[in-house]
>>> print(open('coords_29.txt').read())   # compact mmCIF, C-alpha atoms (C1' of nucleotides)
# COMPACT_ATOMS: atom_id res chain seq x y z
CA MET A 7 12.39 -41.90 -26.47
CA SER A 8 15.05 -39.27 -26.79
CA PRO A 9 16.18 -37.60 -23.59
CA ARG A 10 16.53 -34.36 -25.53
CA ILE A 11 13.18 -33.22 -26.78
CA GLY A 12 14.23 -29.68 -27.43
CA LEU A 13 11.85 -27.89 -25.16
CA ASP A 14 12.17 -24.18 -24.59
CA LEU A 15 10.54 -21.64 -22.31
CA ASN A 16 8.17 -20.38 -24.98
CA THR A 17 6.78 -23.83 -25.72
CA ILE A 18 6.35 -24.50 -22.03
CA VAL A 19 4.54 -21.25 -21.30
CA LYS A 20 2.23 -21.65 -24.28
CA ALA A 21 1.37 -25.18 -23.23
CA ALA A 22 0.62 -23.88 -19.74
CA ALA A 23 -1.58 -21.17 -21.23
CA GLU A 24 -3.51 -23.79 -23.19
CA ILE A 25 -4.19 -25.77 -20.03
CA ALA A 26 -5.25 -22.60 -18.23
CA ASP A 27 -7.65 -21.57 -20.98
CA ALA A 28 -9.09 -25.04 -21.34
CA ASP A 29 -9.39 -26.19 -17.74
CA GLY A 30 -8.80 -23.13 -15.60
CA LEU A 31 -5.69 -21.77 -13.96
CA GLU A 32 -5.90 -24.21 -11.07
CA ALA A 33 -5.38 -27.02 -13.53
CA VAL A 34 -1.94 -25.67 -14.37
CA THR A 35 0.38 -27.83 -12.29
CA LEU A 36 3.82 -29.20 -12.99
CA ALA A 37 2.15 -32.60 -13.23
CA THR A 38 -0.47 -31.69 -15.85
CA LEU A 39 2.03 -29.58 -17.77
CA SER A 40 4.68 -32.29 -17.88
CA ARG A 41 2.06 -34.80 -19.04
CA LYS A 42 1.06 -32.49 -21.87
CA LEU A 43 4.69 -32.06 -22.86
CA ASN A 44 5.54 -35.76 -22.52
CA ILE A 45 8.28 -35.26 -19.99
CA ARG A 46 8.71 -36.02 -16.29
CA PRO A 47 7.91 -33.22 -13.84
CA PRO A 48 11.49 -32.69 -12.61
CA SER A 49 12.61 -31.95 -16.15
CA LEU A 50 10.65 -28.72 -16.02
CA TYR A 51 13.13 -27.40 -13.48
CA ASN A 52 15.66 -27.07 -16.26
CA HIS A 53 13.53 -24.28 -17.70
CA ILE A 54 11.55 -22.72 -14.88
CA GLU A 55 12.00 -22.19 -11.16
CA GLY A 56 9.31 -24.51 -9.93
CA LEU A 57 5.61 -23.76 -9.85
CA PRO A 58 6.09 -20.14 -8.70
CA GLY A 59 8.45 -19.59 -11.61
CA LEU A 60 5.94 -21.05 -14.04
CA ARG A 61 3.22 -18.79 -12.70
CA LYS A 62 5.41 -15.76 -13.09
CA GLU A 63 6.22 -16.61 -16.70
CA LEU A 64 2.57 -17.22 -17.42
CA ALA A 65 1.57 -13.90 -15.87
CA LEU A 66 4.25 -12.14 -17.85
CA TYR A 67 3.10 -13.72 -21.09
CA GLY A 68 -0.48 -12.71 -20.29
CA ILE A 69 0.38 -9.11 -19.51
CA GLU A 70 2.42 -8.78 -22.68
CA GLU A 71 -0.32 -10.37 -24.74
CA LEU A 72 -2.89 -8.03 -23.22
CA GLU A 73 -0.64 -5.10 -24.03
CA ARG A 74 -0.57 -6.19 -27.66
CA TYR A 75 -4.37 -6.34 -27.76
CA LEU A 76 -4.64 -2.88 -26.25
CA SER A 77 -2.02 -1.11 -28.31
CA ARG A 78 -3.48 -2.56 -31.51
CA ALA A 79 -6.85 -1.16 -30.46
CA ALA A 80 -5.49 2.25 -29.57
CA ALA A 81 -3.47 2.61 -32.75
CA GLU A 82 -4.84 5.10 -35.26
CA ARG A 83 -7.56 6.10 -32.82
CA ALA A 84 -8.14 8.95 -30.41
CA GLY A 85 -10.59 10.16 -27.79
CA ASP A 86 -13.80 8.25 -27.23
CA ASP A 87 -13.07 5.95 -30.14
CA ALA A 88 -9.76 4.91 -28.63
CA VAL A 89 -11.25 4.39 -25.17
CA ARG A 90 -14.11 2.29 -26.51
CA ALA A 91 -11.76 0.24 -28.68
CA MET A 92 -9.42 -0.42 -25.78
CA GLY A 93 -12.31 -1.44 -23.59
CA GLU A 94 -13.55 -3.88 -26.18
CA ALA A 95 -10.06 -5.25 -26.77
CA TYR A 96 -9.59 -5.80 -23.04
CA LEU A 97 -12.83 -7.72 -22.77
CA THR A 98 -12.10 -9.68 -25.91
CA PHE A 99 -8.77 -10.77 -24.51
CA ALA A 100 -10.30 -11.81 -21.20
CA ARG A 101 -12.97 -13.81 -23.01
CA ARG A 102 -10.73 -15.42 -25.58
CA LYS A 103 -7.96 -16.36 -23.12
CA PRO A 104 -9.74 -16.73 -19.80
CA GLY A 105 -7.03 -18.73 -18.09
CA LEU A 106 -4.23 -16.55 -19.30
CA TYR A 107 -6.13 -13.46 -18.23
CA GLU A 108 -6.66 -14.97 -14.81
CA ALA A 109 -2.94 -15.60 -14.59
CA THR A 110 -2.20 -11.90 -14.92
CA PHE A 111 -3.81 -11.36 -11.52
CA TYR A 112 -3.07 -14.59 -9.70
CA THR A 113 -0.54 -14.33 -6.88
CA ILE A 114 1.98 -12.42 -8.90
CA ASP A 115 4.88 -10.55 -7.43
CA MET A 116 4.33 -6.93 -8.37
CA GLU A 117 7.84 -6.13 -7.16
CA ASP A 118 9.29 -8.32 -9.90
CA THR A 119 11.10 -6.18 -12.42
CA ASP A 120 9.81 -7.97 -15.52
CA ILE A 121 6.21 -7.85 -14.32
CA LYS A 122 6.57 -4.21 -13.35
CA LEU A 123 7.95 -3.24 -16.72
CA ALA A 124 5.28 -5.06 -18.69
CA SER A 125 2.55 -3.54 -16.53
CA GLU A 126 3.96 -0.06 -16.93
CA LYS A 127 3.68 -0.33 -20.68
CA ILE A 128 -0.07 -0.79 -20.34
CA VAL A 129 -0.40 2.04 -17.85
CA ASN A 130 1.50 4.39 -20.12
CA LEU A 131 -0.63 3.42 -23.07
CA VAL A 132 -3.80 4.25 -21.18
CA ILE A 133 -2.39 7.47 -19.78
CA GLN A 134 -1.48 8.58 -23.29
CA VAL A 135 -5.04 8.13 -24.48
CA LEU A 136 -6.62 9.78 -21.46
CA GLN A 137 -4.39 12.82 -21.74
CA GLN A 138 -6.39 13.76 -24.79
CA TYR A 139 -9.21 14.66 -22.41
CA GLY A 140 -7.13 17.34 -20.78
CA LEU A 141 -6.33 15.04 -17.91
CA HIS A 142 -2.77 15.60 -16.76
CA GLY A 143 -0.59 14.76 -13.83
CA VAL A 144 -2.48 13.29 -10.89
CA ASN A 145 -5.82 13.34 -12.65
CA ALA A 146 -4.48 11.29 -15.52
CA VAL A 147 -3.27 8.72 -13.02
CA HIS A 148 -6.59 8.71 -11.17
CA ALA A 149 -8.45 8.24 -14.44
CA THR A 150 -6.10 5.47 -15.54
CA ARG A 151 -6.59 3.61 -12.29
CA GLY A 152 -10.31 4.06 -12.72
CA PHE A 153 -10.30 2.74 -16.26
CA ARG A 154 -8.29 -0.31 -15.26
CA SER A 155 -10.62 -0.93 -12.34
CA ILE A 156 -13.65 -0.81 -14.58
CA LEU A 157 -12.17 -3.18 -17.11
CA HIS A 158 -10.77 -5.67 -14.66
CA GLY A 159 -13.85 -5.60 -12.48
CA PHE A 160 -16.19 -6.21 -15.35
CA ALA A 161 -14.06 -8.89 -17.00
CA SER A 162 -13.44 -10.65 -13.72
CA ILE A 163 -17.06 -10.71 -12.60
CA GLU A 164 -18.20 -11.90 -15.99
CA GLN A 165 -15.62 -14.65 -15.97
CA LYS A 166 -16.79 -15.94 -12.58
CA GLY A 167 -20.35 -16.00 -13.85
CA GLY A 168 -21.29 -13.15 -11.58
CA PHE A 169 -23.72 -11.44 -13.92
CA ALA A 170 -26.67 -13.67 -13.31
CA MET A 171 -29.65 -11.71 -14.53
CA GLU A 172 -31.10 -12.18 -17.95
CA LEU A 173 -29.83 -9.01 -19.55
CA ASP A 174 -27.31 -8.59 -22.33
CA ILE A 175 -23.84 -8.35 -20.85
CA ASN A 176 -22.35 -6.43 -23.74
CA GLU A 177 -24.97 -3.74 -23.30
CA SER A 178 -23.96 -3.41 -19.68
CA PHE A 179 -20.37 -3.02 -20.74
CA TYR A 180 -21.15 -0.28 -23.24
CA PHE A 181 -23.27 1.46 -20.61
CA LEU A 182 -20.34 1.40 -18.22
CA ILE A 183 -17.83 2.71 -20.74
CA GLU A 184 -20.16 5.54 -21.77
CA THR A 185 -20.77 6.39 -18.11
CA PHE A 186 -17.03 6.61 -17.61
CA LEU A 187 -16.59 8.79 -20.70
CA ILE A 188 -19.26 11.20 -19.54
CA GLY A 189 -17.74 11.28 -16.09
CA ILE A 190 -14.23 12.17 -17.13
CA LYS A 191 -15.41 14.87 -19.52
CA LYS A 192 -17.10 17.00 -16.89
CA MET B 3 -7.29 -35.42 24.43
CA SER B 4 -11.04 -35.61 24.09
CA PRO B 5 -12.38 -37.05 20.85
CA ARG B 6 -15.30 -34.66 21.09
CA ILE B 7 -14.15 -31.09 20.98
CA GLY B 8 -17.48 -29.59 20.12
CA LEU B 9 -16.66 -28.01 16.82
CA ASP B 10 -19.36 -26.51 14.65
CA LEU B 11 -19.52 -25.08 11.15
CA ASN B 12 -19.36 -21.50 12.34
CA THR B 13 -16.17 -22.04 14.32
CA ILE B 14 -14.59 -23.82 11.39
CA VAL B 15 -15.47 -21.15 8.85
CA LYS B 16 -14.26 -18.36 11.10
CA ALA B 17 -10.98 -20.14 11.67
CA ALA B 18 -10.62 -20.56 7.93
CA ALA B 19 -11.32 -16.85 7.47
CA GLU B 20 -8.60 -16.00 9.97
CA ILE B 21 -6.08 -18.07 8.05
CA ALA B 22 -7.17 -16.47 4.80
CA ASP B 23 -6.84 -12.95 6.16
CA ALA B 24 -3.51 -13.64 7.81
CA ASP B 25 -1.73 -15.74 5.19
CA GLY B 26 -3.82 -15.51 2.03
CA LEU B 27 -6.53 -17.71 0.63
CA GLU B 28 -4.07 -20.24 -0.74
CA ALA B 29 -2.98 -20.95 2.81
CA VAL B 30 -6.45 -22.23 3.63
CA THR B 31 -6.09 -26.01 3.34
CA LEU B 32 -7.63 -28.82 5.32
CA ALA B 33 -4.18 -29.37 6.76
CA THR B 34 -3.59 -25.82 8.03
CA LEU B 35 -7.17 -25.52 9.21
CA SER B 36 -7.11 -28.78 11.15
CA ARG B 37 -3.83 -27.76 12.76
CA LYS B 38 -5.36 -24.49 13.90
CA LEU B 39 -8.36 -26.34 15.31
CA ASN B 40 -6.29 -29.07 16.95
CA ILE B 41 -7.97 -31.91 15.12
CA ARG B 42 -6.92 -34.35 12.40
CA PRO B 43 -7.79 -33.44 8.80
CA PRO B 44 -10.35 -36.23 8.26
CA SER B 45 -12.40 -34.93 11.18
CA LEU B 46 -13.29 -31.89 9.13
CA TYR B 47 -15.35 -34.12 6.85
CA ASN B 48 -17.91 -34.42 9.62
CA HIS B 49 -18.73 -30.75 9.08
CA ILE B 50 -17.86 -29.85 5.50
CA GLU B 51 -17.74 -31.64 2.18
CA GLY B 52 -14.01 -31.56 1.65
CA LEU B 53 -11.99 -28.62 0.44
CA PRO B 54 -14.59 -27.55 -2.15
CA GLY B 55 -17.21 -27.53 0.59
CA LEU B 56 -15.01 -25.43 2.83
CA ARG B 57 -14.43 -22.94 0.04
CA LYS B 58 -18.12 -22.65 -0.58
CA GLU B 59 -18.86 -21.99 3.08
CA LEU B 60 -16.09 -19.43 3.20
CA ALA B 61 -17.41 -17.66 0.11
CA LEU B 62 -20.89 -17.66 1.56
CA TYR B 63 -19.70 -16.19 4.83
CA GLY B 64 -17.78 -13.52 2.93
CA ILE B 65 -20.71 -12.53 0.75
CA GLU B 66 -23.01 -12.31 3.76
CA GLU B 67 -20.46 -10.29 5.69
CA LEU B 68 -20.03 -7.93 2.75
CA GLU B 69 -23.78 -7.55 2.56
CA ARG B 70 -23.84 -6.49 6.21
CA TYR B 71 -21.16 -3.86 5.56
CA LEU B 72 -23.06 -2.50 2.58
CA SER B 73 -26.54 -2.42 4.08
CA ARG B 74 -25.22 -0.71 7.19
CA ALA B 75 -23.66 1.93 4.94
CA ALA B 76 -26.78 2.40 2.86
CA ALA B 77 -29.10 2.67 5.85
CA GLU B 78 -30.45 6.14 6.55
CA ARG B 79 -28.75 7.46 3.43
CA ALA B 80 -29.86 8.29 -0.08
CA GLY B 81 -28.46 9.42 -3.43
CA ASP B 82 -24.81 10.37 -3.69
CA ASP B 83 -24.33 9.96 0.03
CA ALA B 84 -25.52 6.40 -0.09
CA VAL B 85 -23.41 5.54 -3.12
CA ARG B 86 -20.28 7.04 -1.58
CA ALA B 87 -20.90 5.29 1.72
CA MET B 88 -21.42 1.94 0.03
CA GLY B 89 -18.27 2.40 -1.98
CA GLU B 90 -16.26 3.15 1.12
CA ALA B 91 -17.83 0.24 2.99
CA TYR B 92 -16.97 -2.13 0.16
CA LEU B 93 -13.35 -1.01 0.13
CA THR B 94 -13.15 -1.13 3.90
CA PHE B 95 -14.36 -4.71 3.91
CA ALA B 96 -11.88 -5.75 1.23
CA ARG B 97 -9.05 -4.12 3.15
CA ARG B 98 -10.00 -5.35 6.59
CA LYS B 99 -10.72 -8.93 5.50
CA PRO B 100 -8.55 -9.44 2.43
CA GLY B 101 -8.62 -13.22 2.48
CA LEU B 102 -12.32 -13.44 3.08
CA TYR B 103 -12.96 -10.93 0.32
CA GLU B 104 -10.81 -12.98 -2.02
CA ALA B 105 -12.87 -16.02 -1.12
CA THR B 106 -16.03 -14.38 -2.42
CA PHE B 107 -14.58 -14.56 -5.92
CA TYR B 108 -12.44 -17.67 -5.82
CA THR B 109 -13.76 -20.62 -7.85
CA ILE B 110 -17.25 -20.40 -6.46
CA ASP B 111 -20.20 -22.10 -8.00
CA MET B 112 -22.57 -19.32 -9.01
CA GLU B 113 -25.25 -21.93 -9.68
CA ASP B 114 -25.29 -22.85 -6.00
CA THR B 115 -28.57 -21.75 -4.45
CA ASP B 116 -27.09 -20.39 -1.23
CA ILE B 117 -24.46 -18.37 -3.06
CA LYS B 118 -27.04 -17.10 -5.52
CA LEU B 119 -29.39 -15.96 -2.79
CA ALA B 120 -26.71 -14.17 -0.81
CA SER B 121 -25.45 -12.43 -3.95
CA GLU B 122 -28.93 -11.34 -4.93
CA LYS B 123 -29.35 -9.55 -1.64
CA ILE B 124 -26.39 -7.34 -2.50
CA VAL B 125 -27.61 -6.72 -6.02
CA ASN B 126 -31.05 -5.74 -4.77
CA LEU B 127 -29.54 -3.39 -2.24
CA VAL B 128 -27.55 -1.59 -4.91
CA ILE B 129 -30.49 -1.48 -7.32
CA GLN B 130 -32.61 0.11 -4.62
CA VAL B 131 -30.11 2.92 -4.14
CA LEU B 132 -29.56 3.49 -7.83
CA GLN B 133 -33.26 3.71 -8.55
CA GLN B 134 -33.21 7.04 -6.79
CA TYR B 135 -31.41 8.40 -9.85
CA GLY B 136 -34.36 7.65 -12.05
CA LEU B 137 -32.68 4.48 -13.27
CA HIS B 138 -35.26 1.77 -13.77
CA GLY B 139 -35.53 -1.60 -15.45
CA VAL B 140 -32.59 -2.44 -17.66
CA ASN B 141 -30.73 0.75 -16.91
CA ALA B 142 -30.82 0.05 -13.20
CA VAL B 143 -29.31 -3.37 -13.89
CA HIS B 144 -26.64 -1.90 -16.17
CA ALA B 145 -25.73 0.65 -13.53
CA THR B 146 -25.64 -1.97 -10.80
CA ARG B 147 -23.32 -4.13 -12.82
CA GLY B 148 -21.17 -1.09 -13.45
CA PHE B 149 -21.01 -0.16 -9.80
CA ARG B 150 -20.03 -3.68 -8.81
CA SER B 151 -17.39 -3.76 -11.54
CA ILE B 152 -15.88 -0.53 -10.30
CA LEU B 153 -15.78 -1.66 -6.71
CA HIS B 154 -14.47 -5.13 -7.37
CA GLY B 155 -11.96 -3.96 -9.92
CA PHE B 156 -10.54 -1.31 -7.66
CA ALA B 157 -10.47 -3.49 -4.55
CA SER B 158 -8.96 -6.40 -6.42
CA ILE B 159 -6.21 -4.43 -8.12
CA GLU B 160 -5.32 -2.69 -4.89
CA GLN B 161 -5.15 -6.02 -3.08
CA LYS B 162 -2.74 -7.45 -5.63
CA GLY B 163 -0.53 -4.40 -5.28
CA GLY B 164 -1.40 -3.25 -8.76
CA PHE B 165 -1.44 0.47 -8.04
CA ALA B 166 2.26 1.03 -8.15
CA MET B 167 2.67 4.74 -8.64
CA GLU B 168 3.24 7.10 -5.77
CA LEU B 169 -0.17 8.67 -5.61
CA ASP B 170 -2.77 8.43 -2.91
CA ILE B 171 -4.98 5.45 -3.55
CA ASN B 172 -7.96 6.78 -1.63
CA GLU B 173 -7.96 9.88 -3.83
CA SER B 174 -8.11 7.65 -6.88
CA PHE B 175 -11.06 5.84 -5.40
CA TYR B 176 -12.98 9.04 -4.68
CA PHE B 177 -12.19 10.24 -8.21
CA LEU B 178 -13.65 7.04 -9.62
CA ILE B 179 -16.81 7.16 -7.53
CA GLU B 180 -17.42 10.81 -8.47
CA THR B 181 -16.82 9.98 -12.12
CA PHE B 182 -19.42 7.26 -11.87
CA LEU B 183 -21.89 9.57 -10.14
CA ILE B 184 -21.51 12.19 -12.82
CA GLY B 185 -21.88 9.56 -15.51
CA ILE B 186 -25.14 8.09 -14.27
CA LYS B 187 -26.70 11.49 -13.73
CA LYS B 188 -26.47 12.63 -17.33
C1' DT C 27 37.15 -36.44 -36.35
C1' DT C 28 37.20 -36.99 -31.77
C1' DA C 29 37.15 -35.42 -26.91
C1' DT C 30 34.95 -32.60 -23.68
C1' DA C 31 31.68 -29.62 -21.40
C1' DA C 32 27.13 -28.02 -20.97
C1' DT C 33 22.42 -29.04 -21.38
C1' DA C 34 18.35 -31.36 -20.65
C1' DA C 35 16.33 -35.24 -20.00
C1' DC C 36 15.91 -39.10 -16.53
C1' DT C 37 15.09 -42.15 -11.89
C1' DA C 38 14.63 -42.33 -7.02
C1' DA C 39 13.25 -40.47 -2.84
C1' DT C 40 10.93 -37.20 0.39
C1' DA C 41 7.42 -34.39 2.22
C1' DG C 42 2.94 -32.35 2.09
C1' DT C 43 -1.74 -32.47 0.38
C1' DA C 44 -6.81 -34.37 0.00
C1' DT C 45 -9.56 -38.11 0.55
C1' DT C 46 -11.73 -42.70 1.79
C1' DA C 47 -12.52 -46.60 4.85
C1' DG C 48 -13.07 -48.33 8.96
C1' DT C 49 -12.77 -47.70 14.18
C1' DT C 50 -13.47 -45.74 18.67
C1' DT C 51 -15.17 -42.60 21.90
C1' DT C 52 -18.37 -39.51 23.66
C1' DT C 53 -22.83 -37.64 24.26
C1' DG C 54 -27.89 -37.15 24.42
C1' DG C 55 -32.35 -39.31 24.54
C1' DC C 56 -35.06 -43.13 26.01
C1' DG D 19 -27.97 -47.30 32.53
C1' DC D 20 -28.43 -48.51 27.48
C1' DC D 21 -28.23 -47.45 22.67
C1' DA D 22 -27.90 -44.87 18.65
C1' DA D 23 -25.97 -40.99 16.49
C1' DA D 24 -22.33 -37.75 16.12
C1' DA D 25 -17.74 -36.60 15.90
C1' DA D 26 -13.51 -37.56 16.78
C1' DC D 27 -9.75 -40.92 15.54
C1' DT D 28 -6.00 -44.16 12.81
C1' DA D 29 -4.52 -46.21 8.65
C1' DA D 30 -3.98 -46.22 3.94
C1' DT D 31 -4.03 -44.36 -0.89
C1' DA D 32 -3.17 -41.28 -4.51
C1' DC D 33 -1.66 -36.94 -5.96
C1' DT D 34 1.39 -32.97 -5.80
C1' DA D 35 6.01 -30.33 -5.70
C1' DT D 36 10.61 -30.63 -5.01
C1' DT D 37 15.59 -32.15 -4.36
C1' DA D 38 19.52 -35.09 -5.33
C1' DG D 39 22.00 -37.55 -8.16
C1' DT D 40 22.50 -39.90 -12.89
C1' DT D 41 22.62 -40.48 -17.84
C1' DA D 42 22.23 -39.36 -22.50
C1' DT D 43 22.56 -35.99 -26.16
C1' DT D 44 24.25 -32.09 -28.36
C1' DA D 45 27.45 -28.37 -29.43
C1' DT D 46 32.02 -26.85 -29.35
C1' DA D 47 36.72 -26.84 -29.91
C1' DA D 48 41.16 -29.09 -30.43
>>> encode(input="coords_29.txt", output="structure tokens")
Amino acid sequence: MSPRIGLDLNTIVKAAAEIADADGLEAVTLATLSRKLNIRPPSLYNHIEGLPGLRKELALYGIEELERYLSRAAAERAGDDAVRAMGEAYLTFARRKPGLYEATFYTIDMEDTDIKLASEKIVNLVIQVLQQYGLHGVNAVHATRGFRSILHGFASIEQKGGFAMELDINESFYFLIETFLIGIKK
Amino acid sequence: MSPRIGLDLNTIVKAAAEIADADGLEAVTLATLSRKLNIRPPSLYNHIEGLPGLRKELALYGIEELERYLSRAAAERAGDDAVRAMGEAYLTFARRKPGLYEATFYTIDMEDTDIKLASEKIVNLVIQVLQQYGLHGVNAVHATRGFRSILHGFASIEQKGGFAMELDINESFYFLIETFLIGIKK
DNA sequence: TTATAATAACTAATAGTATTAGTTTTTGGC
DNA sequence: GCCAAAAACTAATACTATTAGTTATTATAA
């Protein structure tokens, strides 16, 4: 029963991510988290700024993790291959870490500098790939916003169980990506 | 101080929607709602099955309201016109009723019969429009899923403040819709 | 090696939340 | 005008986050 367990921010955030993935983001509370870590809830305040602070850290971790998935997929690839690989990586991340993915969109402060910076890395990555289609300036931004919308929309609806009909979901995803590729080429 | 105010489900759900639109979905609690309605929290249990029940009713109301927006837009229109109009209507709804829109995606039980039925109406509406492009059977379903993904993704990211760059958001939306139209035509 | 300062745990207390149980008041139908 | 159902209520319980103040451990420096 040592009053100095040796907790750090990383351990805390990863524990929170585990709860989120296992039981949903709503299950991430200071109470459940402190139970998992074998400490009392107030002790968490030594590391994070309350529940809002925890949510920010979780979102940040999620965005950075997503960026790693995406940049790994884009590496050594170009054009359609790169777009398809990034799309698949995005969906894989959302499926493998559902709670953490949810956290990247859940009541986060987009004005926050850390969040902004991490998000920009993803945007720049996508812009870089889409520029290979001759999309520059405003059009590259439009296309990037479109690509993000497609990916988030699909992943989010799937996660909520919104695709009810008996039809292969992966096929629908490929259909959508190909539709997008055709669209940006003309 | 009458113990019989004359509350009904409709009044309750609309009050909840007002809170959601004004202060965000997280602000919708039995406590805030009962304060707005000038009753004590337990009284709400005469009309709804706790907080989960309230959320379900709110989601249902949102889905039905969205369906009204979309069918009004699709009426008397066909092809590209209909698709563009539905896209705009979707975005308009999400912008005008942000909290209610959020509710249509927030921890809802997709197995619930009422929710399922209301959702199917929207799906069928979209399928009907997309069939005019010669999309039938599986392809019509793929395209419908794609269209919903685009709309939800865009609306959701915009709502969270995710489109940071200084570039007109409506332009990006039109770009995305046109990209989709081109894609499904080839 | 020992004293001190910072860190990170703790307990205690408060306020806000949902929910259940049991009660009272009103209303509508007979 | 009576009675049953509906819809409000009060009281109580169990969580939750959070703040204040306390204590124990660790790291540092004399």
>>> residues_around(input="coords_29.txt", residues="Ala124 in chain A", least_positions_apart="3", cutoff="9 Å", atoms="all atoms listed in the file", output="list in words")
Leu66, Ile69, Glu70, Glu73, Thr119, Asp120, Ile121, Lys127 and Ile128 of chain A
>>> atom_distance(input="coords_29.txt", atom1="CA of Tyr139 in chain A", atom2="CA of Gly81 in chain B")
27.5 Å
>>> axis_aligned_box(input="coords_29.txt", around="range 29-48 of chain C", padding_each_side="8 Å", output="lines of an AutoDock Vina configuration file")
center_x = 12.0
center_y = -38.2
center_z = -9.0
size_x = 66.2
size_y = 36.3
size_z = 51.9
>>> residues_around(input="coords_29.txt", residues="Leu36 in chain A", least_positions_apart="6", cutoff="12 Å", atoms="only C-alpha atoms (C1' of nucleotides)", output="number ranges by chain")
A: 18-19, 21-22, 25, 42-51, 53-61; D: 33-36
>>> write_last_selection(input="coords_29.txt", atoms="C-alpha atoms (C1' of nucleotides)", output="short mmCIF file (atom, residue, chain, number, x, y, z; two decimals), in the frame of the given file")
data_model
loop_
_atom_site.label_atom_id
_atom_site.label_comp_id
_atom_site.auth_asym_id
_atom_site.auth_seq_id
_atom_site.Cartn_x
_atom_site.Cartn_y
_atom_site.Cartn_z
CA ILE A 18 6.35 -24.50 -22.03
CA VAL A 19 4.54 -21.25 -21.30
CA ALA A 21 1.37 -25.18 -23.23
CA ALA A 22 0.62 -23.88 -19.74
CA ILE A 25 -4.19 -25.77 -20.03
CA LYS A 42 1.06 -32.49 -21.87
CA LEU A 43 4.69 -32.06 -22.86
CA ASN A 44 5.54 -35.76 -22.52
CA ILE A 45 8.28 -35.26 -19.99
CA ARG A 46 8.71 -36.02 -16.29
CA PRO A 47 7.91 -33.22 -13.84
CA PRO A 48 11.49 -32.69 -12.61
CA SER A 49 12.61 -31.95 -16.15
CA LEU A 50 10.65 -28.72 -16.02
CA TYR A 51 13.13 -27.40 -13.48
CA HIS A 53 13.53 -24.28 -17.70
CA ILE A 54 11.55 -22.72 -14.88
CA GLU A 55 12.00 -22.19 -11.16
CA GLY A 56 9.31 -24.51 -9.93
CA LEU A 57 5.61 -23.76 -9.85
CA PRO A 58 6.09 -20.14 -8.70
CA GLY A 59 8.45 -19.59 -11.61
CA LEU A 60 5.94 -21.05 -14.04
CA ARG A 61 3.22 -18.79 -12.70
"C1'" DC D 33 -1.66 -36.94 -5.96
"C1'" DT D 34 1.39 -32.97 -5.80
"C1'" DA D 35 6.01 -30.33 -5.70
"C1'" DT D 36 10.61 -30.63 -5.01
#
>>> closest_atom_pairs(input="coords_29.txt", of="chain C", to="chain A", cutoff="8 Å", atoms="all atoms listed in the file", output="CSV")
residue,atom,partner,partner_atom,distance
C:DA34,C1',A:Arg10,CA,6.0
C:DA35,C1',A:Pro9,CA,4.3
C:DC36,C1',A:Pro9,CA,7.2
>>> residues_around(input="coords_29.txt", residues="DA30 in chain D", least_positions_apart="3", cutoff="12 Å", atoms="all atoms listed in the file", output="list of chain:residue names")
C:DT45, C:DT46, C:DA47, C:DG48
>>> atom_distance(input="coords_29.txt", atom1="CA of Ala29 in chain B", atom2="CA of Glu113 in chain B")
25.6 Å
>>> residues_around(input="coords_29.txt", residues="DT40 in chain D", least_positions_apart="2", cutoff="10 Å", atoms="only C-alpha atoms (C1' of nucleotides)", output="PyMOL selection string")
(chain C and resi 36-37) or (chain D and resi 38+42)
>>> closest_residue(input="coords_29.txt", among="B:Ala19, B:Ile152, B:Ala157, B:Ile186", to="Ile171 in chain B", atoms="only C-alpha atoms")
B:Ala157
>>> residues_around(input="coords_29.txt", residues="Asn176 in chain A", least_positions_apart="4", cutoff="10 Å", atoms="all atoms listed in the file", output="VMD selection string")
(chain A and resid 94 97 180 to 182) or (chain B and resid 144)
>>> closest_atom_pairs(input="coords_29.txt", of="chain A", to="chain B", cutoff="6 Å", atoms="all atoms listed in the file", output="CSV")
residue,atom,partner,partner_atom,distance
A:His148,CA,B:Ser174,CA,4.7
A:Gly152,CA,B:Leu178,CA,5.4
A:Ser155,CA,B:Gly155,CA,4.1
A:Ile156,CA,B:Ile152,CA,4.8
A:His158,CA,B:Gly155,CA,5.2
A:Gly159,CA,B:Gly155,CA,3.6
A:Phe160,CA,B:Ser151,CA,4.7
A:Ser178,CA,B:His144,CA,4.7
A:Leu182,CA,B:Gly148,CA,5.4
A:Thr185,CA,B:Gly185,CA,4.2
A:Ile188,CA,B:Gly185,CA,5.1
A:Gly189,CA,B:Thr181,CA,4.3
>>> atom_distance(input="coords_29.txt", atom1="CA of Thr38 in chain A", atom2="CA of Asn16 in chain A")
16.9 Å
>>> closest_residue(input="coords_29.txt", among="B:Asp10, B:Thr94, B:Asn126, B:Met88", to="chain D", atoms="all atoms listed in the file")
B:Asp10
>>> interface_residues(input="coords_29.txt", of="chain D", to="chain B", cutoff="10 Å", atoms="all atoms listed in the file", output="PyMOL selection string")
chain D and resi 24-28
>>> write_last_selection(input="coords_29.txt", atoms="C-alpha atoms (C1' of nucleotides)", output="PDB file, in the coordinates of the input")
ATOM      1  C1'  DA D  24     -22.330 -37.750  16.120  1.00  0.00           C
ATOM      2  C1'  DA D  25     -17.740 -36.600  15.900  1.00  0.00           C
ATOM      3  C1'  DA D  26     -13.510 -37.560  16.780  1.00  0.00           C
ATOM      4  C1'  DC D  27      -9.750 -40.920  15.540  1.00  0.00           C
ATOM      5  C1'  DT D  28      -6.000 -44.160  12.810  1.00  0.00           C
TER       6       DT D  28
END
